[in-house]
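Asks: Sharing start.cif (mmCIF, C-alpha atoms) below.
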```cif
data_upload
#
loop_
_atom_site.label_atom_id
_atom_site.label_comp_id
_atom_site.auth_asym_id
_atom_site.auth_seq_id
_atom_site.Cartn_x
_atom_site.Cartn_y
_atom_site.Cartn_z
CA MET A 10 0.00 0.00 0.00
CA THR A 11 1.35 3.41 -0.94
CA THR A 12 1.59 5.90 1.93
CA GLN A 13 0.29 9.36 1.06
CA MET A 14 2.18 12.32 2.45
CA ASP A 15 0.34 14.71 4.76
CA TYR A 16 -1.07 17.67 2.80
CA TYR A 17 0.20 20.22 5.32
CA GLU A 18 3.71 18.73 5.15
CA LEU A 19 3.56 18.81 1.34
CA LEU A 20 2.83 22.55 1.41
CA GLU A 21 5.27 23.12 4.30
CA VAL A 22 2.71 24.88 6.51
CA GLU A 23 1.30 24.36 10.01
CA ARG A 24 -2.10 22.75 10.44
CA THR A 25 -3.34 26.06 11.88
CA ALA A 26 -2.25 28.06 8.81
CA ASP A 27 -4.82 30.48 7.40
CA ASP A 28 -5.97 30.59 3.77
CA ALA A 29 -3.50 33.33 2.78
CA THR A 30 -0.53 31.40 4.20
CA ILE A 31 -1.56 28.20 2.41
CA LYS A 32 -2.03 30.05 -0.87
CA ALA A 33 1.38 31.75 -0.61
CA ALA A 34 3.07 28.44 0.19
CA PHE A 35 1.43 26.77 -2.81
CA ARG A 36 2.54 29.50 -5.20
CA LYS A 37 6.14 29.25 -4.01
CA LEU A 38 6.25 25.46 -4.33
CA ALA A 39 4.42 25.45 -7.68
CA ILE A 40 7.11 27.70 -9.13
CA ARG A 41 9.88 25.58 -7.62
CA TYR A 42 8.61 22.22 -8.88
CA HIS A 43 6.93 23.17 -12.17
CA PRO A 44 7.88 20.48 -14.74
CA ASP A 45 8.70 23.06 -17.41
CA LYS A 46 11.58 24.34 -15.29
CA HIS A 47 13.16 20.92 -14.93
CA GLY A 48 12.98 19.46 -18.43
CA GLY A 49 10.10 17.11 -17.68
CA CYS A 50 11.77 15.47 -14.66
CA LYS A 51 9.47 12.71 -13.42
CA ASP A 52 10.27 13.36 -9.76
CA HIS A 53 9.47 17.05 -10.06
CA GLU A 54 6.34 16.28 -12.06
CA ALA A 55 5.14 13.90 -9.30
CA LYS A 56 5.92 16.49 -6.64
CA PHE A 57 4.10 19.15 -8.65
CA LYS A 58 1.00 16.97 -8.92
CA ALA A 59 1.12 16.20 -5.20
CA ILE A 60 1.24 19.84 -4.10
CA ASN A 61 -1.58 20.66 -6.54
CA GLU A 62 -3.68 17.91 -4.99
CA ALA A 63 -2.85 19.18 -1.49
CA TYR A 64 -3.75 22.77 -2.35
CA ASP A 65 -6.97 21.73 -4.11
CA CYS A 66 -8.06 20.13 -0.84
CA LEU A 67 -6.89 22.71 1.70
CA LYS A 68 -8.16 25.78 -0.18
CA ASP A 69 -11.74 24.42 0.02
CA PRO A 70 -13.17 24.90 3.55
CA GLN A 71 -15.39 21.80 3.31
CA LYS A 72 -12.65 19.57 1.92
CA ARG A 73 -10.18 20.87 4.47
CA ALA A 74 -12.56 20.19 7.36
CA ALA A 75 -13.10 16.64 6.10
CA TYR A 76 -9.35 16.11 5.68
CA ASP A 77 -8.58 17.47 9.17
CA ARG A 78 -11.04 15.00 10.63
CA PHE A 79 -10.57 11.88 8.51
CA GLY A 80 -7.26 12.42 6.69
CA HIS A 81 -6.88 10.77 3.29
CA ALA A 82 -9.66 8.36 4.20
CA GLY A 83 -12.21 11.17 4.34
CA PRO A 84 -14.98 11.73 1.79
CA GLY A 85 -13.75 13.27 -1.44
CA MET A 86 -10.10 12.41 -0.65
CA GLY A 87 -9.61 9.96 -3.50
CA SER A 88 -9.01 6.22 -3.25
CA GLY A 89 -8.17 4.29 -0.12
CA GLY A 90 -9.97 4.24 3.21
CA GLY A 91 -12.71 6.58 2.07
CA GLN A 92 -14.03 4.16 -0.58
CA GLY A 93 -16.79 2.80 1.62
CA PHE A 94 -18.07 6.27 2.45
CA ASP A 95 -18.01 7.34 -1.22
CA ALA A 96 -19.86 4.17 -2.20
CA PHE A 97 -22.64 4.95 0.25
CA SER A 98 -22.77 8.55 -0.99
CA ASP A 99 -23.04 7.36 -4.59
CA ILE A 100 -25.75 4.82 -3.71
CA PHE A 101 -27.80 7.56 -2.11
CA GLU A 102 -27.21 9.88 -5.07
CA SER A 103 -28.09 7.23 -7.67
CA MET A 104 -31.38 6.57 -5.86
CA PHE A 105 -32.41 10.14 -5.04
CA GLY A 106 -30.21 12.40 -7.18
CA GLU A 107 -32.73 12.84 -9.99
CA PHE A 108 -35.55 13.55 -7.57
CA MET A 109 -33.45 16.15 -5.73
CA GLY A 110 -32.35 17.92 -8.89
CA GLY A 111 -29.67 15.85 -10.57
CA GLY A 112 -26.38 14.27 -9.62
CA ARG A 113 -22.76 15.09 -10.21
CA GLY A 114 -22.39 13.50 -13.65
CA GLY A 115 -20.82 15.75 -16.25
CA GLN A 116 -20.81 18.72 -13.88
CA THR A 117 -17.67 20.45 -12.61
CA ARG A 118 -18.03 21.82 -9.11
CA ARG A 119 -18.62 25.54 -8.71
CA GLY A 120 -15.88 27.71 -7.32
CA ALA A 121 -15.38 28.19 -3.61
CA ASP A 122 -17.09 30.96 -1.66
CA LEU A 123 -14.81 33.62 -0.18
CA ARG A 124 -14.94 35.79 2.95
CA TYR A 125 -13.83 39.41 3.31
CA ASP A 126 -13.87 41.33 6.63
CA MET A 127 -14.61 45.05 6.38
CA GLU A 128 -14.36 47.54 9.26
CA ILE A 129 -16.46 50.70 9.10
CA SER A 130 -17.24 53.58 11.46
CA LEU A 131 -20.54 54.05 13.27
CA GLU A 132 -21.20 57.06 11.03
CA ASP A 133 -20.74 54.86 7.94
CA ALA A 134 -23.09 52.29 9.47
CA PHE A 135 -25.65 55.09 9.94
CA HIS A 136 -25.47 56.68 6.49
CA GLY A 137 -24.35 53.66 4.44
CA LYS A 138 -21.20 53.65 2.37
CA ALA A 139 -20.18 53.14 -1.24
CA THR A 140 -16.60 51.89 -1.42
CA ASP A 141 -14.36 49.48 -3.27
CA ILE A 142 -12.22 46.57 -2.11
CA THR A 143 -9.24 44.80 -3.66
CA ILE A 144 -8.94 41.03 -3.30
CA ASP A 145 -6.82 38.20 -4.65
CA VAL A 146 -9.07 35.63 -6.29
CA SER A 147 -8.93 33.04 -9.05
CA GLY A 148 -10.64 34.13 -12.26
CA PRO A 149 -11.20 32.56 -15.67
CA CYS A 150 -8.02 32.05 -17.69
CA GLU A 151 -8.05 34.48 -20.62
CA PRO A 152 -5.89 32.53 -23.15
CA CYS A 153 -8.15 29.45 -23.00
CA GLY A 154 -11.37 31.25 -22.09
CA GLY A 155 -11.72 29.18 -18.93
CA THR A 156 -11.93 25.83 -20.73
CA GLY A 157 -8.54 24.59 -19.55
CA ALA A 158 -7.62 23.47 -23.09
CA ALA A 159 -4.75 25.06 -25.00
CA PRO A 160 -5.85 27.86 -27.36
CA GLY A 161 -7.03 26.40 -30.65
CA THR A 162 -7.94 23.07 -29.05
CA MET A 163 -10.92 21.85 -27.11
CA ALA A 164 -11.80 19.24 -24.55
CA LYS A 165 -13.01 15.89 -25.85
CA ARG A 166 -15.67 13.57 -24.59
CA CYS A 167 -14.32 11.13 -22.03
CA GLN A 168 -14.17 7.63 -23.54
CA THR A 169 -14.30 5.91 -20.16
CA CYS A 170 -17.72 7.24 -19.19
CA ALA A 171 -18.94 8.32 -22.66
CA GLY A 172 -19.30 11.88 -21.40
CA HIS A 173 -21.63 11.03 -18.50
CA GLY A 174 -19.08 11.76 -15.80
CA LYS A 175 -20.03 8.55 -14.01
CA VAL A 176 -19.18 4.90 -14.23
CA ARG A 177 -21.05 1.94 -12.78
CA ALA A 178 -19.56 -0.79 -10.66
CA GLN A 179 -21.00 -3.92 -9.07
CA GLN A 180 -20.62 -4.00 -5.28
CA GLY A 181 -22.35 -7.02 -3.82
CA PHE A 182 -26.05 -6.74 -4.51
CA PHE A 183 -25.75 -3.06 -5.52
CA VAL A 184 -24.86 -1.38 -8.77
CA VAL A 185 -23.10 1.81 -7.72
CA GLU A 186 -22.47 4.92 -9.78
CA ARG A 187 -19.19 6.67 -9.05
CA ALA A 188 -17.41 9.68 -10.47
CA CYS A 189 -15.41 8.67 -13.51
CA PRO A 190 -11.74 8.13 -12.52
CA THR A 191 -10.53 9.45 -15.88
CA CYS A 192 -12.38 12.78 -16.11
CA HIS A 193 -13.24 13.08 -12.39
CA GLY A 194 -16.90 13.65 -13.14
CA ALA A 195 -16.44 16.37 -15.77
CA GLY A 196 -17.43 14.16 -18.70
CA GLN A 197 -14.57 15.61 -20.73
CA VAL A 198 -10.81 15.21 -20.89
CA ILE A 199 -8.18 17.66 -22.05
CA ALA A 200 -5.41 16.19 -24.18
CA ASP A 201 -3.50 19.46 -24.53
CA PRO A 202 -3.86 21.58 -21.35
CA CYS A 203 -3.48 25.33 -21.46
CA ARG A 204 0.03 26.23 -20.32
CA ASN A 205 -1.14 29.46 -18.67
CA CYS A 206 -3.51 27.75 -16.23
CA ARG A 207 -2.16 24.17 -16.41
CA GLY A 208 -5.56 22.90 -17.50
CA GLU A 209 -7.47 24.37 -14.55
CA GLY A 210 -9.26 27.01 -16.60
CA ARG A 211 -8.57 29.60 -13.90
CA VAL A 212 -5.66 31.69 -12.68
CA ASP A 213 -4.99 33.92 -9.68
CA LYS A 214 -5.86 37.57 -10.18
CA THR A 215 -6.16 40.80 -8.21
CA VAL A 216 -9.54 42.44 -8.73
CA THR A 217 -11.24 45.58 -7.45
CA LEU A 218 -14.95 45.36 -6.61
CA ASP A 219 -17.55 48.01 -5.82
CA VAL A 220 -19.38 47.46 -2.53
CA ASN A 221 -22.51 49.26 -1.35
CA VAL A 222 -22.95 49.11 2.43
CA PRO A 223 -26.62 49.88 3.24
CA PRO A 224 -27.62 52.19 6.12
CA GLY A 225 -28.31 50.41 9.41
CA VAL A 226 -25.77 47.59 9.15
CA ASP A 227 -24.56 46.19 12.45
CA GLU A 228 -21.66 44.11 13.72
CA GLY A 229 -21.68 40.77 11.86
CA THR A 230 -23.98 41.89 9.03
CA ARG A 231 -23.17 39.83 5.94
CA ILE A 232 -23.24 41.24 2.40
CA ARG A 233 -23.26 38.72 -0.47
CA LEU A 234 -21.71 39.49 -3.84
CA SER A 235 -23.00 36.79 -6.14
CA GLY A 236 -20.48 35.26 -8.53
CA GLN A 237 -17.50 37.17 -7.11
CA GLY A 238 -15.87 34.22 -5.36
CA GLU A 239 -13.36 31.72 -6.74
CA ALA A 240 -13.83 30.83 -10.40
CA GLY A 241 -14.98 27.27 -11.04
CA ALA A 242 -12.60 24.87 -12.75
CA ARG A 243 -12.93 24.56 -16.53
CA GLY A 244 -15.80 26.97 -16.96
CA ALA A 245 -17.84 25.91 -13.91
CA PRO A 246 -19.85 28.65 -12.17
CA PRO A 247 -17.94 30.85 -9.72
CA GLY A 248 -18.60 30.95 -5.99
CA ASP A 249 -19.84 33.96 -4.04
CA LEU A 250 -18.03 36.59 -1.99
CA TYR A 251 -19.36 37.25 1.52
CA ILE A 252 -18.41 40.55 3.17
CA PHE A 253 -18.68 40.54 6.97
CA ILE A 254 -19.17 43.97 8.54
CA HIS A 255 -17.34 45.04 11.70
CA VAL A 256 -18.35 48.38 13.25
CA ALA A 257 -15.45 50.17 14.98
CA ARG A 258 -15.80 51.21 18.62
CA HIS A 259 -17.15 54.77 18.95
CA ALA A 260 -15.82 57.41 21.33
CA ILE A 261 -19.29 58.48 22.50
CA PHE A 262 -21.95 55.95 21.55
CA GLU A 263 -22.59 52.33 22.39
CA ARG A 264 -25.10 50.40 20.34
CA GLU A 265 -27.65 47.67 20.91
CA GLY A 266 -29.56 46.99 17.72
CA THR A 267 -31.07 50.31 16.63
CA THR A 268 -30.71 51.91 20.09
CA LEU A 269 -27.78 54.22 20.82
CA TYR A 270 -26.51 54.86 24.36
CA ALA A 271 -24.43 57.82 25.50
CA ARG A 272 -23.26 59.29 28.81
CA ALA A 273 -23.58 63.04 29.34
CA PRO A 274 -22.01 64.96 32.25
CA VAL A 275 -24.08 67.96 33.37
CA SER A 276 -23.44 70.66 35.98
CA PHE A 277 -25.14 70.30 39.34
CA THR A 278 -26.98 73.59 38.78
CA THR A 279 -28.48 72.32 35.48
CA ALA A 280 -29.46 69.07 37.18
CA ALA A 281 -31.03 70.97 40.11
CA LEU A 282 -32.78 73.71 38.15
CA GLY A 283 -33.49 71.82 34.90
CA GLY A 284 -32.51 72.85 31.39
CA GLU A 285 -31.36 71.49 28.04
CA ILE A 286 -28.21 69.83 26.78
CA GLU A 287 -27.25 69.09 23.18
CA ILE A 288 -25.91 65.73 22.00
CA PRO A 289 -24.37 65.46 18.48
CA GLY A 290 -25.69 62.31 16.79
CA PRO A 291 -24.07 60.14 14.10
CA ASP A 292 -26.51 61.77 11.68
CA GLY A 293 -24.59 65.04 12.10
CA GLU A 294 -27.46 66.78 13.91
CA LEU A 295 -27.59 68.25 17.43
CA HIS A 296 -30.27 66.56 19.51
CA LYS A 297 -31.70 68.61 22.39
CA ILE A 298 -32.26 66.62 25.58
CA HIS A 299 -34.63 68.25 28.09
CA LEU A 300 -33.84 67.79 31.80
CA HIS A 301 -36.46 68.24 34.48
CA PRO A 302 -35.54 70.10 37.70
CA GLY A 303 -34.03 67.73 40.22
CA THR A 304 -32.57 65.31 37.66
CA GLN A 305 -30.44 62.76 39.52
CA SER A 306 -27.13 61.28 38.42
CA GLY A 307 -27.69 57.95 36.68
CA ARG A 308 -31.09 58.83 35.25
CA GLU A 309 -31.64 57.77 31.63
CA VAL A 310 -33.44 60.10 29.27
CA ARG A 311 -34.83 58.60 26.05
CA HIS A 312 -34.94 60.69 22.88
CA ARG A 313 -37.25 58.97 20.40
CA GLY A 314 -36.19 58.48 16.78
CA ALA A 315 -32.61 59.67 17.22
CA GLY A 316 -30.94 56.24 17.08
CA MET A 317 -29.77 54.03 14.22
CA PRO A 318 -31.86 53.44 11.08
CA VAL A 319 -33.63 50.11 10.62
CA LEU A 320 -31.70 47.93 8.16
CA GLN A 321 -33.69 47.61 4.92
CA GLY A 322 -36.69 49.12 6.66
CA ARG A 323 -38.22 52.37 7.80
CA GLY A 324 -37.76 54.44 10.91
CA ARG A 325 -35.02 54.78 13.47
CA GLY A 326 -34.32 53.56 16.96
CA ASP A 327 -33.90 55.76 20.05
CA LEU A 328 -31.08 57.65 21.69
CA VAL A 329 -30.77 56.95 25.42
CA VAL A 330 -28.69 59.47 27.40
CA ARG A 331 -27.43 58.55 30.86
CA ILE A 332 -27.02 61.66 33.02
CA GLU A 333 -23.92 62.05 35.18
CA VAL A 334 -24.10 65.04 37.55
CA GLU A 335 -20.69 66.68 37.90
CA ILE A 336 -19.75 68.27 41.21
CA PRO A 337 -17.61 71.41 40.80
CA THR A 338 -14.02 71.15 42.00
CA LYS A 339 -12.86 74.71 41.33
CA LEU A 340 -14.92 77.52 42.89
CA THR A 341 -14.32 81.25 43.20
CA ALA A 342 -14.68 82.99 46.54
CA GLU A 343 -18.01 84.43 45.43
CA GLN A 344 -19.32 81.02 44.37
CA LYS A 345 -18.26 79.50 47.69
CA ASP A 346 -20.02 82.31 49.55
CA LEU A 347 -23.24 81.71 47.59
CA LEU A 348 -23.10 78.02 48.34
CA GLU A 349 -22.52 78.72 52.03
CA GLN A 350 -25.63 80.91 51.98
CA PHE A 351 -27.57 78.09 50.33
CA ARG A 352 -26.34 75.59 52.93
CA ALA A 353 -27.48 77.90 55.70
CA LEU A 354 -30.97 77.91 54.21
CA GLU A 355 -31.21 74.11 53.80
CA THR A 356 -34.06 72.45 55.66
CA GLY A 357 -33.39 68.83 54.67
CA GLU A 358 -36.35 68.70 52.34
CA GLU A 359 -34.16 69.69 49.37
CA CYS A 360 -32.44 66.26 49.41
CA PRO A 361 -34.93 63.83 50.98
CA VAL A 362 -32.95 60.72 50.02
CA SER A 363 -29.74 61.71 51.84
CA THR A 364 -31.66 63.17 54.79
CA GLY A 365 -33.65 59.96 55.18
CA PHE A 366 -30.49 57.85 54.95
CA PHE A 367 -28.72 59.67 57.78
CA ASP A 368 -31.85 59.57 59.93
CA LYS A 369 -32.02 55.79 59.54
CA LEU A 370 -28.30 55.51 60.27
CA LYS A 371 -28.64 57.50 63.53
CA ARG A 372 -31.55 55.34 64.66
CA ALA A 373 -29.64 52.17 63.81
CA VAL A 374 -26.70 53.12 66.10
CA GLY A 375 -28.93 54.59 68.81
CA GLY A 376 -28.01 58.17 68.11
#
```
Could you write out this structure as structure tokens?

Replies:
Amino acid sequence: MTTQMDYYELLEVERTADDATIKAAFRKLAIRYHPDKHGGCKDHEAKFKAINEAYDCLKDPQKRAAYDRFGHAGPGMGSGGGQGFDAFSDIFESMFGEFMGGGRGGQTRRGADLRYDMEISLEDAFHGKATDITIDVSGPCEPCGGTGAAPGTMAKRCQTCAGHGKVRAQQGFFVVERACPTCHGAGQVIADPCRNCRGEGRVDKTVTLDVNVPPGVDEGTRIRLSGQGEAGARGAPPGDLYIFIHVARHAIFEREGTTLYARAPVSFTTAALGGEIEIPGPDGELHKIHLHPGTQSGREVRHRGAGMPVLQGRGRGDLVVRIEVEIPTKLTAEQKDLLEQFRALETGEECPVSTGFFDKLKRAVGG
């Protein structure tokens, strides 16, 4: 039995490596072991095929998860220990594939979906934002038009499966349909692969995409760009690009859904006598918050309709302002004199909470 080398060891990366690290490692090794650079050396050709197989597995999140769990014996990992699992999968597909919308025969798998993390400000989340992003992604190969065949040639029908992409095999009492080992389910074979893409029909590119962030997005909001993911092999449909929104921490506001929270320090005279304060909102407007006489520190005042907009809806949430009464620390002689006059006139009814507390405390200690 031939022992297959670990995919991570083939690409010379750790098992915890992210997608970018794996992709960079593959590119470096592909250049090093490309057969054209070594005059068709069989050893280098075998190594080149092995690292391509490893990268094809690890760049696909689903394949990678299966490989991490089952190794080469996992589903979709080729021959070997996974044969029993594949047989069961093919039995199920041959029985129910047509009812559920068709099987794999003659169809190349669509490209992989991609993820992009975008950080925006709270103001951008309020107003929405039109921006562009630059990503590295595989796109259709231009010289071959995505077919994988050298320019001027074309893929031919697979003789093994007669273009169906599947072959039948007897396993006990069952007749099982499996992906064709020659064309790997594509139904076609390429005799003369395109040198630019090595028969894949896709190459790595750097592209710039326009992104419209709608008003009201929140942390974790996902924006889908259909067809902007990895290109499918040999003309198969591309995957999608998912943009995950992250809203940066704001210096003033905290957010829960469409509700905004802010803390506002006010002078003790404003809290005692009442008045208005102004809070600048993420909409660029000044929102007037009315305070009743005797407003206590810690009280929350709700201003309706001054919060975040409803995503893909109408209306806005509320702005909740938590009042923090500030005690003056620097007083002029005149201010101190006025406060002394006020203290002389106090009866205890001005601050019933503190007066009641000290009365209870005196009674508790027998004073």

Asks: Of the residues A:Ile144, A:Ile332, A:Val222, A:Ala271, which is the one nearest to A:Ile254, using only C-alpha atoms?

Replies: A:Val222

Asks: Enter the distance from atom CA of A:Asp292 to atom CA of A:Glu132, in Å, rounded to one decimal.

Replies: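 Here the two named atoms are 7.1 Å from each other.
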
Asks: Produce a table with one row for each residue of stretch 197-289 of chain A that has an atom at most 10 Å from any atom of stretch 334-350 of chain A, each row naming the nearest atom pair and its distance in Å at one decimal; use only C-alpha atoms; arrange rows by chain and rising residue number; format as JSON lines.

Replies:
```
{"residue": "A:Ala273", "atom": "CA", "partner": "A:Val334", "partner_atom": "CA", "distance": 8.5}
{"residue": "A:Pro274", "atom": "CA", "partner": "A:Val334", "partner_atom": "CA", "distance": 5.7}
{"residue": "A:Val275", "atom": "CA", "partner": "A:Val334", "partner_atom": "CA", "distance": 5.1}
{"residue": "A:Ser276", "atom": "CA", "partner": "A:Glu335", "partner_atom": "CA", "distance": 5.2}
{"residue": "A:Phe277", "atom": "CA", "partner": "A:Val334", "partner_atom": "CA", "distance": 5.7}
{"residue": "A:Thr278", "atom": "CA", "partner": "A:Val334", "partner_atom": "CA", "distance": 9.1}
{"residue": "A:Thr279", "atom": "CA", "partner": "A:Val334", "partner_atom": "CA", "distance": 8.7}
{"residue": "A:Ala280", "atom": "CA", "partner": "A:Val334", "partner_atom": "CA", "distance": 6.7}
{"residue": "A:Ala281", "atom": "CA", "partner": "A:Val334", "partner_atom": "CA", "distance": 9.5}
```

Asks: Out of A:Asp27, A:Glu151, A:Glu239, A:Asp141, which residue has the shortest atom-to-atom distance to A:Arg119 when counting only C-alpha atoms?

Replies: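 Closest residue, counting only C-alpha atoms: A:Glu239.
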
Asks: To one decimal in Å, tell me the separation between atom CA of A:Gly196 and atom CA of A:Gly208.

Replies: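 Computing the Euclidean distance for atom CA of A:Gly196 and atom CA of A:Gly208 yields 14.8 Å.
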
Asks: For A:Ala26, which residue out of A:Arg73, A:Leu320, A:Glu54, A:Glu62 is the nearest one, using all atoms listed in the file?

Replies: A:Arg73

Asks: I need the residue nearest A:Asp15 from this list: A:Tyr42, A:His173, A:Lys56, A:Gly80. Use only C-alpha atoms for the distance.

Replies: A:Gly80

Asks: For stretch 244-257 of chain A, where the input has fewer atoms than it should, I would like N, CA and C atoms rebuilt and written as a PDB file, in the coordinates of the input.

Replies:
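Here's the written file result20.pdb:
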```pdb
ATOM      1  N   GLY A 244     -14.554  26.332 -16.560  1.00  0.00           N
ATOM      2  CA  GLY A 244     -15.800  26.970 -16.960  1.00  0.00           C
ATOM      3  C   GLY A 244     -16.966  26.764 -16.020  1.00  0.00           C
ATOM      4  N   ALA A 245     -16.757  26.090 -14.875  1.00  0.00           N
ATOM      5  CA  ALA A 245     -17.840  25.910 -13.910  1.00  0.00           C
ATOM      6  C   ALA A 245     -18.215  27.248 -13.284  1.00  0.00           C
ATOM      7  N   PRO A 246     -19.428  27.369 -12.748  1.00  0.00           N
ATOM      8  CA  PRO A 246     -19.850  28.650 -12.170  1.00  0.00           C
ATOM      9  C   PRO A 246     -18.948  29.067 -11.010  1.00  0.00           C
ATOM     10  N   PRO A 247     -18.775  30.375 -10.834  1.00  0.00           N
ATOM     11  CA  PRO A 247     -17.940  30.850  -9.720  1.00  0.00           C
ATOM     12  C   PRO A 247     -18.708  30.782  -8.404  1.00  0.00           C
ATOM     13  N   GLY A 248     -17.975  30.865  -7.308  1.00  0.00           N
ATOM     14  CA  GLY A 248     -18.600  30.950  -5.990  1.00  0.00           C
ATOM     15  C   GLY A 248     -19.005  32.387  -5.696  1.00  0.00           C
ATOM     16  N   ASP A 249     -19.403  32.627  -4.463  1.00  0.00           N
ATOM     17  CA  ASP A 249     -19.840  33.960  -4.040  1.00  0.00           C
ATOM     18  C   ASP A 249     -18.834  34.559  -3.063  1.00  0.00           C
ATOM     19  N   LEU A 250     -18.867  35.876  -2.948  1.00  0.00           N
ATOM     20  CA  LEU A 250     -18.030  36.590  -1.990  1.00  0.00           C
ATOM     21  C   LEU A 250     -18.931  37.114  -0.878  1.00  0.00           C
ATOM     22  N   TYR A 251     -18.592  36.781   0.367  1.00  0.00           N
ATOM     23  CA  TYR A 251     -19.360  37.250   1.520  1.00  0.00           C
ATOM     24  C   TYR A 251     -18.526  38.272   2.285  1.00  0.00           C
ATOM     25  N   ILE A 252     -19.087  39.474   2.447  1.00  0.00           N
ATOM     26  CA  ILE A 252     -18.410  40.550   3.170  1.00  0.00           C
ATOM     27  C   ILE A 252     -19.032  40.649   4.553  1.00  0.00           C
ATOM     28  N   PHE A 253     -18.217  40.453   5.583  1.00  0.00           N
ATOM     29  CA  PHE A 253     -18.680  40.540   6.970  1.00  0.00           C
ATOM     30  C   PHE A 253     -18.323  41.917   7.527  1.00  0.00           C
ATOM     31  N   ILE A 254     -19.339  42.608   8.057  1.00  0.00           N
ATOM     32  CA  ILE A 254     -19.170  43.970   8.540  1.00  0.00           C
ATOM     33  C   ILE A 254     -18.757  43.973  10.010  1.00  0.00           C
ATOM     34  N   HIS A 255     -17.760  44.802  10.312  1.00  0.00           N
ATOM     35  CA  HIS A 255     -17.340  45.040  11.700  1.00  0.00           C
ATOM     36  C   HIS A 255     -17.399  46.542  11.945  1.00  0.00           C
ATOM     37  N   VAL A 256     -18.176  46.957  12.949  1.00  0.00           N
ATOM     38  CA  VAL A 256     -18.350  48.380  13.250  1.00  0.00           C
ATOM     39  C   VAL A 256     -17.343  48.762  14.336  1.00  0.00           C
ATOM     40  N   ALA A 257     -16.497  49.749  14.053  1.00  0.00           N
ATOM     41  CA  ALA A 257     -15.450  50.170  14.980  1.00  0.00           C
ATOM     42  C   ALA A 257     -16.067  50.783  16.244  1.00  0.00           C
TER      43      ALA A 257
END
```
